[in-house]
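**Q** Please find one structure pasted underneath; my questions will follow.
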Amino acid sequence: MARSLTYLRRKTGQILSDGIIYLFITLVSLTCVLPFIHVLAKSVSDENYVVTQQVVLWPKGLTLEAYRKIFADGSILRSFNVSVFVTVVFTLLGMVLTVCAAYPLSRRDFKGRTLFSFLFMFTLYFSGGIIPEYLLMYKLGLLDRMAVMILPLAFSAYNFLIMKTSLQSSVSESLIESAVIDGANHFTILLRVILPLVKPILATLSLFYMVGRWNTYMDALFYIKQRTDLRPLQLKLYYLIIAASEAFQSQPTDTGVRMTNPEVLKASCIMFATVPIVCIYPFLQKYFVKGVMIGAVKG
Amino acid sequence: MSDHLLKKKGPGFYLRRDWQLYALLSLPLAFALLFKYGAMFGLVIAFKDYKILKGFLGSEWVGWEIFRQVFTHRSFLKSVRNTLLLNILDLIVSFPMPIVLALLLNEIRSRAFKKISQTVLYLPHFLSWIIIGSLAYQLFSVDNGIVNAVIASAGMDRFPFLQKDVPWLFSYVVIGAWQSMGWGTIIYLAAITSVSPELYEAARIDGAGRIRQMWNVTLPCIRSTIVTLLIMNLGRIMGGSFERVNSLMNYATTEFTSTIPVLVYEWGIQNSKFSRATALGLFQSLVGLILVLLADRAAKKLGEQGLI
């Protein structure tokens with residue numbers, strides 16, 4: 001009797017604490033979702049409802065006017081294209097550099113391994129800083145050029161470290177040795193033997209490069225000054241939020257269509273910049289998690 | 001091995017044998033040398049009165065004069081204070097969140113629920129600071145923010161979450177904690193999976209409830225992960241993201257927003273005071289480097305895995 005009572009008490013305690021935990025996680029998760037739903041609702045609502053703050057989570061006076069404006073205004077689409085182009089080229093280049101650095105330095109009998117590894121890793125802990133980097137871009141004539149968003153950050157010591165670690169742990173020396181004995185050169189070994197073995201990590205690092213490039217706007221803010229047509233999407237968003245009317249000054253207002261309120265416009269721009277990431281990341285999440293785990297081994 | 005054979009393995013030997021590997025390496029090496037070390041060369045202007053027309057070499061040496069100017073500038077101490085303040089508050093709030101969240105997520109048995117909530121919790125990590133900053137203003141601005149609309153409709157006064165100094169400070173910290181909490185759980189969840197189930201079994205037999213199990217089994221078992229991450233974060237206490245401050249700041253709240261990177265940007269890029277801004281940046285990098293090395297030393301002393 002006493003035993004079943006403790007059992008019962010424990011059971012209720014279990015259910016109660018379960019309930020609290022589920023509730024807490026649900027609430028915290030909601031804080032990550034609701035802001036987006038709110039902005040999404042705003043972006044497709046009529047300006048009058050938005051200005052009077054009647055739109056919370058459900059759109060009122062449904063209209064796609066703001067999105068039509070985004071697509072009509074070439075500058076936002078152009079920024080989107082700049083971002084896509086820069087991200088793709090940057091990711092490809094970054095991966096080539098990472099593999100080229102990691103493969104030689106993952107081999108134990110490579111002369112100068114310690115020195116070169118140190119040269120790469122040192123850049124993780126010490127850098128010239130904002131101004132010397134800015135002046136270097138100036139000297140190299142890269143300011144206001146697309147290349148300034150591609151070349152300087154293309155080599156990432158952090159990604160190099162992850163790549164090197166995973167090559168060392170997943171590729172056996174003997175495998176390479178036997179390929180060498182078979183007369184294969186290192187380029188062939190790398191392309192035919194090594195890279196197929198580490199496909200998941202290649203995917204992971206590509207994603208690190210991709211998302212990092214897509215989201216960073218600091219360098220573009222520093223380096224892209226005159227050429228407003230080279231602003232990537234995040235920088236465009238930055239200027240839109242700072243000066244909400246910037247992109248639409250030249251928009252004709254005599255067409256009988258009311259100017260979309262900046263609030264609705266801002267909301268739709270935020271969604272426009274968010275949706276690409278939100279659409280792809282749930283599918284790629286597991287690769288990221290894998291990368292974090294390898295990166296955590298050291299670094 | 002004879003002397004003769006040893007001699008044969010000079011640099012030439014390796015260069016001949018592994019030339020393909022060196023060729024591969026030369027590409028990233030060129031990038032690192034040009035863009036990372038090339039920029040470090042520019043640090044000399046912290047000791048020069050840099051004039052853009054005279055260049056790095058032509059500008060006059062002035063010794064420690066620039067540093068003297070920086071250290072005595074009225075904005076300097078404030079920027080150091082703000083950098084430390086933001087990072088310390090961030091550490092206090094942001095550091096424990098993922099641990100708590102990971103402990104709770106670990107208790108969830110429904111796989112679908114766990115998966116969905118994890119996916120949702122990771123989301124903020126994938127968004128740029130400029131998106132998060134814009135979202136924050138959509139929610140919290142005094143006139144247009146929906147949170148303030150709700151507050152107003154409840155009959156209370158609108159609250160300047162982001163448009164007054166002290167509230168801004170707390171909003172900054174809370175938004176940062178929100179952004180990083182989900183992603184931070186990954187490492188702890190992985191550490192938790194390696195805890196032996198027998199320990200929980202034993203604890204249950206001893207009558208330990210859920211909270212006791214978390215406190216007496218899970219936490220001690222992931223202690224080394226916590227300590228390592230804490231030390232790593234302490235090592236970065238002089239760092240700080242330019243983008244995070246930049247995307248959340250506004251002209252009404254300048255008291256706490258002028259961190260070192262923000263001041264470097266204002267001095268250097270907005271006002272072309274290159275030498276002064278470089279010296280300030282160098283000061284930050286050096287202190288940061290020393291702190292990271294100390295943190296590494298501390299982690300190893302405690303028997304944890306080092307950082308470097």
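How things are named: the first chain in the structure tokens is A, the next is B, and so on; residues count from 1 in each chain; ligands count from 1 in the order shown.
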Could you produce a table of the residues of chain A lying within 6 Å of chain B, with the nearest pair of atoms per residue and their separation in Å rounded to one decimal, using only C-alpha atoms, ordered by chain and increasing residue number, as CSV?
**A**
residue,atom,partner,partner_atom,distance
A:Ser29,CA,B:Leu121,CA,5.7
A:Leu97,CA,B:Pro28,CA,5.0
A:Cys100,CA,B:Leu24,CA,5.0
A:Ala101,CA,B:Leu25,CA,5.1
A:Pro104,CA,B:Leu21,CA,5.4
A:Gly128,CA,B:Met40,CA,4.1
A:Gly129,CA,B:Gly281,CA,5.9
A:Ile131,CA,B:Thr278,CA,5.6
A:Pro132,CA,B:Gly42,CA,4.8
A:Glu133,CA,B:Ala39,CA,5.0
A:Leu136,CA,B:Ala39,CA,5.9
A:Pro152,CA,B:Phe35,CA,5.5
A:Asn215,CA,B:Ser128,CA,4.5
A:Gly299,CA,B:Leu307,CA,5.3
**Q** May I have all residues of segment 190-284 of chain B that DSSP, computed from the backbone, assigns to alpha helix (DSSP H), given as a count of residues only?
**A** 56
**Q** If we count only C-alpha atoms and set the cut-off at 12 Å, which residues sit around Arg10 of chain A, ignoring sequence neighbours fewer than 5 positions away in its own chain? Please answer as JSON, numbers by chain.
**A** {"A": [3, 4, 5, 15, 16, 17, 18], "B": [204, 207, 208, 209, 210]}
**Q** Just how far from atom CA of Met163 of chain A is atom CA of Thr98 of chain A, in Å to one decimal?
**A**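 Separating atom CA of Thr98 of chain A from atom CA of Met163 of chain A is a distance of 7.1 Å.
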**Q** Choose the residue, out of A:Asn185, A:Gln226, A:Gln54, A:Ser156, that has the smallest atom-to-atom separation from Phe208 of chain A; count only C-alpha atoms.
**A** A:Ser156
**Q** Compare A:Leu40, A:Leu175, A:Val148, A:Val211 by their minimum atom-to-atom distance to Ile189 of chain A, counting only C-alpha atoms, and give me the closest one.
**A** A:Leu175
**Q** One number please: atom CA of Thr87 of chain A to atom CA of Trp214 of chain A, in Å, one decimal.
**A**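 About the pair atom CA of Thr87 of chain A and atom CA of Trp214 of chain A: they are 6.1 Å apart.
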**Q** Quick one: residues within 9 Å of Ala273 of chain A, only C-alpha atoms, excluding same-chain residues fewer than 5 positions away - as a list in words?
**A**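 Listing them by chain and then by number gives Phe80, Leu233, Gln234, Leu237 and Ser268 of chain A; Ile131 of chain B.
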**Q** Can you tell me which residues surround Leu234 of chain B at a distance of at most 9 Å, considering only C-alpha atoms, apart from same-chain residues fewer than 6 positions away, and format the answer as a ChimeraX atom specification?
**A** /B:87-88,91,291-292,295
**Q** Next, the residues of the selection above should be written as a PDB file, in the first residue's frame with C-alpha atoms.
**A**
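The resulting part.pdb:
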ATOM      1  CA  ASN B  87      30.726  41.042 -22.783  1.00  0.00           C
ATOM      2  CA  ILE B  88      30.473  40.386 -19.051  1.00  0.00           C
ATOM      3  CA  LEU B  91      28.498  35.989 -20.384  1.00  0.00           C
ATOM      4  CA  LEU B 291      43.591  36.794 -22.617  1.00  0.00           C
ATOM      5  CA  VAL B 292      43.173  33.852 -24.996  1.00  0.00           C
ATOM      6  CA  ALA B 295      42.572  31.152 -20.867  1.00  0.00           C
TER       7      ALA B 295
END
**Q** Show which residues sit within 8 Å of Leu189 of chain B, as a list in words. Count only C-alpha atoms, and ignore same-chain residues fewer than 3 positions away.
**A**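 What passes the distance filter is Ala102, Leu103, Asn106, Thr185, Ile186, Ile192 and Thr193 of chain B.
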**Q** Could you pull the residues within 10 Å of Ser79 of chain A, counting only C-alpha atoms, minus those fewer than 4 positions along the same chain, as a list in words?
**A**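 The neighbour list is Gly74, Ser75, Ser83, Val84, Phe85, Thr228, Asp229, Leu230, Arg231, Pro232, Leu233, Gln234, Leu235, Lys236 and Leu237 of chain A.
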**Q** With N, CA and C atoms retained, export the selected residues as a compact mmCIF listing (two decimals), in the first residue's frame.
**A**
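Below is the file part.txt, written as the result:
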# COMPACT_ATOMS: atom_id res chain seq x y z
N GLY A 74 14.30 47.61 -59.01
CA GLY A 74 15.41 46.76 -59.43
C GLY A 74 16.51 46.62 -58.39
N SER A 75 16.68 47.63 -57.53
CA SER A 75 17.87 47.64 -56.67
C SER A 75 17.87 46.50 -55.66
N SER A 83 24.39 39.15 -53.82
CA SER A 83 24.60 38.22 -52.71
C SER A 83 24.73 36.78 -53.19
N VAL A 84 23.87 36.39 -54.11
CA VAL A 84 23.92 35.01 -54.60
C VAL A 84 25.25 34.76 -55.30
N PHE A 85 25.64 35.67 -56.19
CA PHE A 85 26.87 35.49 -56.95
C PHE A 85 28.08 35.43 -56.01
N THR A 228 26.69 51.76 -55.25
CA THR A 228 25.52 51.25 -54.53
C THR A 228 24.93 50.01 -55.21
N ASP A 229 25.27 49.83 -56.49
CA ASP A 229 24.74 48.65 -57.17
C ASP A 229 25.43 47.36 -56.74
N LEU A 230 26.53 47.49 -55.98
CA LEU A 230 27.25 46.29 -55.53
C LEU A 230 26.89 45.91 -54.09
N ARG A 231 25.90 46.61 -53.53
CA ARG A 231 25.53 46.27 -52.15
C ARG A 231 24.90 44.89 -52.08
N PRO A 232 25.43 44.01 -51.21
CA PRO A 232 24.76 42.73 -51.03
C PRO A 232 23.46 42.92 -50.25
N LEU A 233 22.66 41.89 -50.23
CA LEU A 233 21.31 42.01 -49.67
C LEU A 233 21.30 42.49 -48.22
N GLN A 234 22.21 41.95 -47.41
CA GLN A 234 22.21 42.34 -45.99
C GLN A 234 22.54 43.82 -45.83
N LEU A 235 23.47 44.30 -46.64
CA LEU A 235 23.84 45.71 -46.55
C LEU A 235 22.68 46.58 -47.04
N LYS A 236 22.02 46.10 -48.08
CA LYS A 236 20.85 46.79 -48.59
C LYS A 236 19.80 46.93 -47.48
N LEU A 237 19.60 45.84 -46.79
CA LEU A 237 18.63 45.85 -45.69
C LEU A 237 19.06 46.86 -44.62
**Q** Which of these, B:Met238, B:Ile226, B:Met249, B:Gln213, has the shortest distance to Tyr200 of chain B once you count only C-alpha atoms?
**A** B:Gln213
